[in-house]
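So the structure is just underneath, and the comments pick up after that.
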Amino acid sequence: MQNLFGELGINDRLQWKEHSMIFAMPNKPGEFSRFDFPEVLPAPLNGIWAILRNNEMLTWPEKVKFAIGLLPAIVGGQPYVEAQDGLTVKEWMKKQGVPERVTHEVFIAMSKALNFINPDELSMQCILIALNRFLQEKHGSKMAFLDGNPPERLCAPIVDHVRSLGGEVKLNSRINRIELNPDGTVKGFLLSNGSMVEGDAYVFATPVDILKLQLPESWKEIPYFKKLDKLVGVPVINVHIWFDRKLRNAYDHLLFSRSSLLSVYADMSVTCKEYYNPNQSMLELVFAPAEEWISRSDQEIIDATMRELAKLFPDEISADQSKAKILKYHVVKTPRSVYKTVPNCEPCRPLQKSPIEGFYLAGDYTKQKYLASMEGAVLSGKLCAQAIIKDYELLVTRGQKSYAEASIC
């Protein structure tokens, strides 16, 4: 992500926060517990220091048992991490003798932040990869906020960059189907307006569920595509609430709610330049797991959110709005977001180069080291571009052959 911002020349749009991880304390409503990573120490010492200094969430015996449980991952490295794909977080913790309270105190929040699901579903490989980044990279767990809305502050510069290099960006141009040549390769993308887009190489950069809906029938039984059946997007809901007053119990940071319904949240009137307001708060929250809530009404979701917020802000928010009142709200439902990182799905993730000549994939579900994340999606795009460059001579030959055939016709 940082490389992408650098390429676009918009690094100044990242609002970096202090290097900390801040968790709400459900047993102490309105209070928070911090893991502070000192800048003067390199990785992994800064992370070890942060854990040792926090005595509110884990006891010393729990820290020791968790450290012992992690030793195989530290010693075994990436091969060990990949081998844990078959276990859920909960199963792995039990197998390694890690106290159940460690999962409850830390890894419910971490699982929901990473993949919007609970530890009894999430593959332990996902957690270990994140912990590996935190331990190996000094700023691996440091967070930044975009300084405004993504369409204007990130997507627009990407469009401008593509156009500046001679590319074309077609909006409101949904693909109706993938048209094939007699040999099974791609003839073009038929758009919903009836026009056809033809090229030398084709990239499908969508969530995995959309790809599966668009796959031609003749491709579906090819093992490369057949394995995608196990990869399914996870539902998630984003909730935006504007209040009539400034909430005092807020931080200039991303916060882990440790709520049964909410994942992470932030007061955007403090954390983000575009939404800055000294008099009124705007909370943005991730509602997860969302599978049981995705079909419910916006009002039901807001009511449930307010009940949870009353626990986080007991002096300032009540479920009946007798304290802070809602000025407006917005509920954004994504029925299929990032792929659900459940056990044994790693072998199903495809490489960016498909067995169909000239057809490539990009997306967080494809093979790359950052799993289901925006960082993973960006990296998959880089890997996809590299695969196309590697196939350059093949694609040129294929294009010349198609041109020759068209000329004969």
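Numbering starts fresh at 1 for the residues of each chain in the structure tokens, the chains themselves are lettered A, B, ... in the order given, and ligands are numbered from 1 as they appear.
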
For this session: From a DSSP calculation on the backbone, collect every residue of region 165-288 of chain A in strand (DSSP E or B) and output the set as number ranges by chain.
Result: A: 175-180, 186-191, 196-197, 202-205, 233, 236-243, 255-256, 262-267, 282-287

With N, CA and C atoms retained, export the selected residues as a compact mmCIF listing (two decimals), in the first residue's frame.
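The new file part_32.txt reads:
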# COMPACT_ATOMS: atom_id res chain seq x y z
N ILE A 175 -19.45 -5.97 -16.94
CA ILE A 175 -19.25 -7.11 -17.85
C ILE A 175 -20.46 -8.02 -17.81
N ASN A 176 -20.99 -8.32 -18.99
CA ASN A 176 -22.13 -9.22 -19.09
C ASN A 176 -21.67 -10.68 -19.15
N ARG A 177 -20.64 -10.93 -19.96
CA ARG A 177 -20.07 -12.28 -19.99
C ARG A 177 -18.72 -12.27 -20.69
N ILE A 178 -17.96 -13.34 -20.45
CA ILE A 178 -16.66 -13.54 -21.11
C ILE A 178 -16.91 -14.33 -22.40
N GLU A 179 -16.65 -13.70 -23.55
CA GLU A 179 -16.83 -14.39 -24.83
C GLU A 179 -15.57 -15.18 -25.16
N LEU A 180 -15.74 -16.40 -25.67
CA LEU A 180 -14.61 -17.28 -25.96
C LEU A 180 -14.42 -17.51 -27.45
N VAL A 186 -9.94 -16.39 -24.52
CA VAL A 186 -10.86 -15.25 -24.44
C VAL A 186 -10.88 -14.48 -25.76
N LYS A 187 -12.09 -14.27 -26.26
CA LYS A 187 -12.28 -13.45 -27.45
C LYS A 187 -12.47 -11.99 -27.05
N GLY A 188 -13.13 -11.79 -25.92
CA GLY A 188 -13.36 -10.43 -25.44
C GLY A 188 -14.32 -10.42 -24.26
N PHE A 189 -14.48 -9.26 -23.66
CA PHE A 189 -15.44 -9.05 -22.58
C PHE A 189 -16.66 -8.33 -23.16
N LEU A 190 -17.81 -9.00 -23.11
CA LEU A 190 -19.05 -8.39 -23.60
C LEU A 190 -19.65 -7.55 -22.48
N LEU A 191 -19.81 -6.25 -22.70
CA LEU A 191 -20.34 -5.36 -21.68
C LEU A 191 -21.86 -5.31 -21.71
N MET A 196 -18.13 -4.69 -27.08
CA MET A 196 -17.14 -5.72 -26.76
C MET A 196 -15.79 -5.07 -26.53
N VAL A 197 -15.10 -5.49 -25.45
CA VAL A 197 -13.74 -5.03 -25.19
C VAL A 197 -12.78 -6.16 -25.54
N TYR A 202 -6.08 -10.34 -20.75
CA TYR A 202 -7.29 -10.02 -19.99
C TYR A 202 -7.05 -10.31 -18.51
N VAL A 203 -7.40 -9.35 -17.67
CA VAL A 203 -7.24 -9.50 -16.22
C VAL A 203 -8.60 -9.35 -15.56
N PHE A 204 -8.95 -10.31 -14.72
CA PHE A 204 -10.17 -10.23 -13.93
C PHE A 204 -9.78 -9.86 -12.51
N ALA A 205 -9.97 -8.59 -12.13
CA ALA A 205 -9.57 -8.09 -10.81
C ALA A 205 -10.83 -7.77 -10.01
N GLY A 233 -16.68 -15.15 -0.24
CA GLY A 233 -16.55 -13.85 0.42
C GLY A 233 -17.30 -13.82 1.74
N VAL A 236 -19.87 -8.32 5.56
CA VAL A 236 -19.46 -7.32 6.56
C VAL A 236 -20.35 -6.09 6.40
N ILE A 237 -20.53 -5.39 7.52
CA ILE A 237 -21.36 -4.19 7.53
C ILE A 237 -20.54 -3.04 8.13
N ASN A 238 -20.56 -1.90 7.45
CA ASN A 238 -19.94 -0.69 7.99
C ASN A 238 -21.05 0.25 8.44
N VAL A 239 -20.88 0.81 9.62
CA VAL A 239 -21.89 1.71 10.18
C VAL A 239 -21.26 3.08 10.43
N HIS A 240 -21.88 4.14 9.92
CA HIS A 240 -21.43 5.51 10.14
C HIS A 240 -22.51 6.23 10.94
N ILE A 241 -22.14 6.81 12.08
CA ILE A 241 -23.12 7.52 12.90
C ILE A 241 -22.59 8.92 13.25
N TRP A 242 -23.41 9.92 12.95
CA TRP A 242 -23.09 11.31 13.30
C TRP A 242 -23.87 11.67 14.57
N PHE A 243 -23.17 12.14 15.60
CA PHE A 243 -23.82 12.49 16.87
C PHE A 243 -23.94 14.01 17.02
N LEU A 255 -9.59 1.70 17.21
CA LEU A 255 -9.81 1.05 18.49
C LEU A 255 -10.45 -0.32 18.29
N PHE A 256 -10.00 -1.30 19.06
CA PHE A 256 -10.58 -2.65 19.05
C PHE A 256 -11.68 -2.67 20.10
N LEU A 262 -19.40 -5.75 17.37
CA LEU A 262 -18.56 -4.79 16.67
C LEU A 262 -17.12 -5.27 16.62
N SER A 263 -16.41 -4.87 15.58
CA SER A 263 -14.99 -5.22 15.45
C SER A 263 -14.16 -4.00 15.86
N VAL A 264 -13.71 -3.23 14.89
CA VAL A 264 -12.93 -2.02 15.18
C VAL A 264 -13.79 -0.79 14.89
N TYR A 265 -13.37 0.33 15.47
CA TYR A 265 -14.09 1.58 15.21
C TYR A 265 -13.15 2.76 15.42
N ALA A 266 -13.59 3.92 14.96
CA ALA A 266 -12.81 5.14 15.15
C ALA A 266 -13.74 6.33 15.14
N ASP A 267 -13.36 7.36 15.89
CA ASP A 267 -14.07 8.63 15.82
C ASP A 267 -13.43 9.43 14.70
N MET A 282 -18.24 11.73 14.74
CA MET A 282 -18.76 10.82 13.72
C MET A 282 -18.02 9.50 13.88
N LEU A 283 -18.73 8.48 14.34
CA LEU A 283 -18.11 7.18 14.53
C LEU A 283 -18.29 6.32 13.29
N GLU A 284 -17.21 5.68 12.88
CA GLU A 284 -17.27 4.68 11.82
C GLU A 284 -16.92 3.34 12.46
N LEU A 285 -17.80 2.36 12.29
CA LEU A 285 -17.64 1.08 12.96
C LEU A 285 -17.76 -0.08 11.98
N VAL A 286 -17.04 -1.16 12.26
CA VAL A 286 -17.18 -2.40 11.50
C VAL A 286 -18.05 -3.34 12.32
N PHE A 287 -19.18 -3.72 11.75
CA PHE A 287 -20.14 -4.61 12.41
C PHE A 287 -19.83 -6.04 11.94

Name the residues in contact with region 92-100 of chain A at a cut-off of 9 Å, using only C-alpha atoms, excluding same-chain residues fewer than 2 positions from it; report them as a tab-separated table (two decimals) with N, CA and C atoms, in the first residue's frame.
chain	number	residue	atom	x	y	z
A	62	GLU	N	-0.11	-16.26	31.76
A	62	GLU	CA	-0.73	-16.36	30.43
A	62	GLU	C	0.24	-15.92	29.35
A	65	LYS	N	2.82	-18.79	28.87
A	65	LYS	CA	2.25	-19.94	28.15
A	65	LYS	C	2.01	-19.61	26.67
A	66	PHE	N	1.60	-18.37	26.40
A	66	PHE	CA	1.40	-17.97	25.01
A	66	PHE	C	2.73	-17.92	24.28
A	67	ALA	N	3.77	-17.40	24.92
A	67	ALA	CA	5.10	-17.34	24.32
A	67	ALA	C	5.63	-18.73	24.00
A	68	ILE	N	5.44	-19.67	24.95
A	68	ILE	CA	5.88	-21.06	24.73
A	68	ILE	C	5.10	-21.66	23.56
A	69	GLY	N	3.80	-21.38	23.49
A	69	GLY	CA	2.98	-21.89	22.39
A	69	GLY	C	3.42	-21.36	21.04
A	70	LEU	N	3.96	-20.12	21.03
A	70	LEU	CA	4.40	-19.50	19.77
A	70	LEU	C	5.79	-19.97	19.32
A	84	GLN	N	-0.15	-24.68	9.40
A	84	GLN	CA	-1.24	-24.49	10.36
A	84	GLN	C	-2.56	-24.09	9.69
A	87	LEU	N	-5.95	-25.66	10.86
A	87	LEU	CA	-6.49	-25.48	12.21
A	87	LEU	C	-7.13	-24.10	12.38
A	88	THR	N	-8.21	-24.04	13.14
A	88	THR	CA	-8.76	-22.74	13.50
A	88	THR	C	-7.90	-22.15	14.61
A	89	VAL	N	-8.09	-20.87	14.87
A	89	VAL	CA	-7.34	-20.21	15.94
A	89	VAL	C	-7.62	-20.91	17.27
A	90	LYS	N	-8.88	-21.20	17.50
A	90	LYS	CA	-9.27	-21.84	18.77
A	90	LYS	C	-8.63	-23.22	18.91
A	102	VAL	N	-6.61	-16.18	26.78
A	102	VAL	CA	-5.79	-15.43	25.82
A	102	VAL	C	-6.58	-15.21	24.54
A	103	THR	N	-7.26	-16.27	24.08
A	103	THR	CA	-8.11	-16.15	22.89
A	103	THR	C	-9.22	-15.15	23.13
A	104	HIS	N	-9.85	-15.26	24.29
A	104	HIS	CA	-10.97	-14.38	24.60
A	104	HIS	C	-10.54	-12.92	24.73
A	105	GLU	N	-9.40	-12.69	25.37
A	105	GLU	CA	-8.96	-11.32	25.65
A	105	GLU	C	-8.38	-10.62	24.42
A	124	MET	N	-5.68	-20.46	11.65
A	124	MET	CA	-4.58	-19.94	12.46
A	124	MET	C	-3.47	-19.39	11.59

For this session: Please return as a PyMOL selection string: the residues of region 24-181 of chain A that backbone DSSP assigns to helix (DSSP H, G or I).
Result: chain A and resi 45-53+60-86+89-95+100-115+124-136+150-164

Problem set entry | Pick from A:Leu395, A:Ile294, A:Leu114, A:Cys272 nearest to Asn149 (chain A), counting only C-alpha atoms | A:Cys272

Seminar exercise, completed: Of A:Ser281, A:Gln2, A:Cys384, A:Val331, the one nearest to Ile302 (chain A) when counting only C-alpha atoms is A:Val331

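Proximity ranking of A:Lys112, A:Lys401, A:Lys138, A:Lys353 relative to Ile388 (chain A) places A:Lys353 first, based on only C-alpha atoms.
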
Within 7 Å of region 332-344 of chain A: each region 14-123 of chain A residue with its shortest pair, only C-alpha atoms, as JSON lines:
{"residue": "A:Asp85", "atom": "CA", "partner": "A:Pro343", "partner_atom": "CA", "distance": 5.3}
{"residue": "A:Gly86", "atom": "CA", "partner": "A:Pro343", "partner_atom": "CA", "distance": 4.5}
{"residue": "A:Leu87", "atom": "CA", "partner": "A:Pro343", "partner_atom": "CA", "distance": 5.7}
{"residue": "A:Thr88", "atom": "CA", "partner": "A:Pro343", "partner_atom": "CA", "distance": 6.2}
{"residue": "A:Asn115", "atom": "CA", "partner": "A:Lys340", "partner_atom": "CA", "distance": 6.7}
{"residue": "A:Glu121", "atom": "CA", "partner": "A:Val342", "partner_atom": "CA", "distance": 5.9}
{"residue": "A:Leu122", "atom": "CA", "partner": "A:Val342", "partner_atom": "CA", "distance": 4.9}
{"residue": "A:Ser123", "atom": "CA", "partner": "A:Pro343", "partner_atom": "CA", "distance": 4.6}

Exercise. Neighbours of Asp391 (chain A) within 12 Å (only C-alpha atoms; same-chain residues fewer than 2 positions away dropped), as number ranges by chain?
Worked result: A: 200-201, 353-354, 357-360, 384-389, 393-398

Those residues you just picked out, can you put them in a file as a compact mmCIF listing (two decimals), in the first residue's frame with all heavy atoms?
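Wrote it out as part.txt, contents follow:
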# COMPACT_ATOMS: atom_id res chain seq x y z
N ASP A 200 -4.99 -7.93 -25.88
CA ASP A 200 -3.96 -8.97 -25.99
C ASP A 200 -3.90 -9.82 -24.73
O ASP A 200 -3.51 -10.99 -24.75
CB ASP A 200 -2.59 -8.33 -26.23
CG ASP A 200 -2.58 -7.51 -27.51
OD1 ASP A 200 -3.00 -8.06 -28.55
OD2 ASP A 200 -2.17 -6.34 -27.47
N ALA A 201 -4.25 -9.21 -23.58
CA ALA A 201 -4.28 -9.93 -22.31
C ALA A 201 -5.50 -9.45 -21.54
O ALA A 201 -5.92 -8.30 -21.66
CB ALA A 201 -3.01 -9.66 -21.51
N LYS A 353 -1.54 -16.22 -12.89
CA LYS A 353 -1.59 -16.72 -14.27
C LYS A 353 -2.50 -17.93 -14.34
O LYS A 353 -2.29 -18.92 -13.65
CB LYS A 353 -0.19 -17.08 -14.76
CG LYS A 353 -0.18 -17.61 -16.19
CD LYS A 353 1.23 -17.98 -16.65
CE LYS A 353 1.20 -18.56 -18.06
NZ LYS A 353 2.55 -18.88 -18.55
N SER A 354 -3.51 -17.87 -15.17
CA SER A 354 -4.45 -18.99 -15.29
C SER A 354 -3.97 -19.94 -16.39
O SER A 354 -3.10 -19.59 -17.20
CB SER A 354 -5.85 -18.46 -15.62
OG SER A 354 -5.99 -18.25 -17.03
N GLU A 357 -4.64 -19.29 -21.86
CA GLU A 357 -3.63 -18.39 -22.41
C GLU A 357 -4.17 -16.97 -22.55
O GLU A 357 -5.22 -16.73 -23.14
CB GLU A 357 -3.20 -18.92 -23.79
CG GLU A 357 -1.95 -18.28 -24.34
CD GLU A 357 -1.52 -18.93 -25.65
OE1 GLU A 357 -0.96 -20.06 -25.60
OE2 GLU A 357 -1.75 -18.33 -26.71
N GLY A 358 -3.45 -16.01 -21.95
CA GLY A 358 -3.84 -14.61 -22.05
C GLY A 358 -4.86 -14.15 -21.02
O GLY A 358 -5.31 -13.01 -21.06
N PHE A 359 -5.23 -15.04 -20.06
CA PHE A 359 -6.22 -14.69 -19.04
C PHE A 359 -5.57 -14.76 -17.66
O PHE A 359 -4.98 -15.77 -17.30
CB PHE A 359 -7.42 -15.63 -19.10
CG PHE A 359 -8.55 -15.26 -18.16
CD1 PHE A 359 -9.39 -14.20 -18.46
CD2 PHE A 359 -8.75 -15.97 -16.99
CE1 PHE A 359 -10.43 -13.86 -17.61
CE2 PHE A 359 -9.79 -15.63 -16.13
CZ PHE A 359 -10.63 -14.58 -16.45
N TYR A 360 -5.71 -13.68 -16.88
CA TYR A 360 -5.03 -13.55 -15.58
C TYR A 360 -6.02 -13.11 -14.51
O TYR A 360 -7.06 -12.51 -14.81
CB TYR A 360 -3.88 -12.55 -15.68
CG TYR A 360 -2.88 -12.89 -16.75
CD1 TYR A 360 -3.11 -12.52 -18.09
CD2 TYR A 360 -1.71 -13.58 -16.47
CE1 TYR A 360 -2.21 -12.84 -19.09
CE2 TYR A 360 -0.80 -13.90 -17.46
CZ TYR A 360 -1.05 -13.53 -18.77
OH TYR A 360 -0.16 -13.86 -19.76
N CYS A 384 0.36 -10.02 -10.72
CA CYS A 384 -0.34 -10.23 -11.99
C CYS A 384 0.39 -9.51 -13.12
O CYS A 384 0.61 -10.08 -14.20
CB CYS A 384 -1.78 -9.73 -11.87
SG CYS A 384 -2.75 -9.93 -13.37
N ALA A 385 0.81 -8.26 -12.87
CA ALA A 385 1.55 -7.50 -13.88
C ALA A 385 2.86 -8.19 -14.24
O ALA A 385 3.25 -8.26 -15.41
CB ALA A 385 1.81 -6.08 -13.36
N GLN A 386 3.53 -8.74 -13.21
CA GLN A 386 4.79 -9.46 -13.45
C GLN A 386 4.55 -10.69 -14.32
O GLN A 386 5.36 -11.02 -15.19
CB GLN A 386 5.42 -9.85 -12.12
CG GLN A 386 5.99 -8.68 -11.33
CD GLN A 386 6.45 -9.07 -9.94
OE1 GLN A 386 6.54 -10.25 -9.61
NE2 GLN A 386 6.73 -8.07 -9.11
N ALA A 387 3.44 -11.39 -14.06
CA ALA A 387 3.12 -12.59 -14.86
C ALA A 387 2.88 -12.22 -16.32
O ALA A 387 3.31 -12.93 -17.24
CB ALA A 387 1.89 -13.29 -14.28
N ILE A 388 2.21 -11.09 -16.55
CA ILE A 388 1.94 -10.64 -17.93
C ILE A 388 3.25 -10.27 -18.62
O ILE A 388 3.47 -10.62 -19.79
CB ILE A 388 0.95 -9.46 -17.92
CG1 ILE A 388 -0.42 -9.93 -17.45
CG2 ILE A 388 0.85 -8.82 -19.31
CD1 ILE A 388 -1.42 -8.82 -17.21
N ILE A 389 4.12 -9.55 -17.91
CA ILE A 389 5.42 -9.17 -18.48
C ILE A 389 6.23 -10.41 -18.84
O ILE A 389 6.86 -10.48 -19.90
CB ILE A 389 6.20 -8.28 -17.48
CG1 ILE A 389 5.50 -6.93 -17.35
CG2 ILE A 389 7.64 -8.09 -17.93
CD1 ILE A 389 6.00 -6.09 -16.21
N GLU A 393 6.40 -12.24 -24.72
CA GLU A 393 6.68 -12.81 -26.05
C GLU A 393 5.54 -13.71 -26.51
O GLU A 393 5.13 -13.68 -27.68
CB GLU A 393 8.00 -13.59 -26.01
CG GLU A 393 9.24 -12.75 -25.72
CD GLU A 393 9.51 -11.72 -26.81
OE1 GLU A 393 9.04 -11.92 -27.95
OE2 GLU A 393 10.17 -10.69 -26.52
N LEU A 394 5.02 -14.51 -25.59
CA LEU A 394 3.91 -15.40 -25.90
C LEU A 394 2.68 -14.60 -26.34
O LEU A 394 2.01 -14.95 -27.33
CB LEU A 394 3.57 -16.25 -24.68
CG LEU A 394 2.34 -17.16 -24.78
CD1 LEU A 394 2.61 -18.30 -25.77
CD2 LEU A 394 1.99 -17.74 -23.42
N LEU A 395 2.40 -13.51 -25.63
CA LEU A 395 1.23 -12.69 -25.94
C LEU A 395 1.38 -11.98 -27.28
O LEU A 395 0.41 -11.84 -28.04
CB LEU A 395 1.00 -11.67 -24.82
CG LEU A 395 0.60 -12.25 -23.46
CD1 LEU A 395 0.63 -11.17 -22.38
CD2 LEU A 395 -0.79 -12.89 -23.52
N VAL A 396 2.62 -11.53 -27.59
CA VAL A 396 2.88 -10.88 -28.88
C VAL A 396 2.65 -11.87 -30.02
O VAL A 396 1.99 -11.56 -31.02
CB VAL A 396 4.32 -10.33 -28.93
CG1 VAL A 396 4.68 -9.92 -30.36
CG2 VAL A 396 4.47 -9.12 -28.00
N THR A 397 3.17 -13.08 -29.85
CA THR A 397 3.01 -14.13 -30.88
C THR A 397 1.53 -14.45 -31.07
O THR A 397 1.05 -14.59 -32.20
CB THR A 397 3.77 -15.40 -30.46
OG1 THR A 397 5.14 -15.08 -30.26
CG2 THR A 397 3.64 -16.47 -31.53
N ARG A 398 0.81 -14.55 -29.96
CA ARG A 398 -0.62 -14.86 -30.01
C ARG A 398 -1.37 -13.73 -30.73
O ARG A 398 -2.26 -13.99 -31.54
CB ARG A 398 -1.14 -15.03 -28.59
CG ARG A 398 -2.62 -15.34 -28.49
CD ARG A 398 -2.98 -15.77 -27.05
NE ARG A 398 -4.40 -15.89 -26.93
CZ ARG A 398 -5.21 -14.92 -26.48
NH1 ARG A 398 -4.71 -13.76 -26.13
NH2 ARG A 398 -6.52 -15.11 -26.39

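Using only C-alpha atoms for every distance, the candidate list A:Gln280, A:Thr271, A:Ser295, A:Ser322 yields A:Gln280 as the residue closest to Arg248 (chain A).
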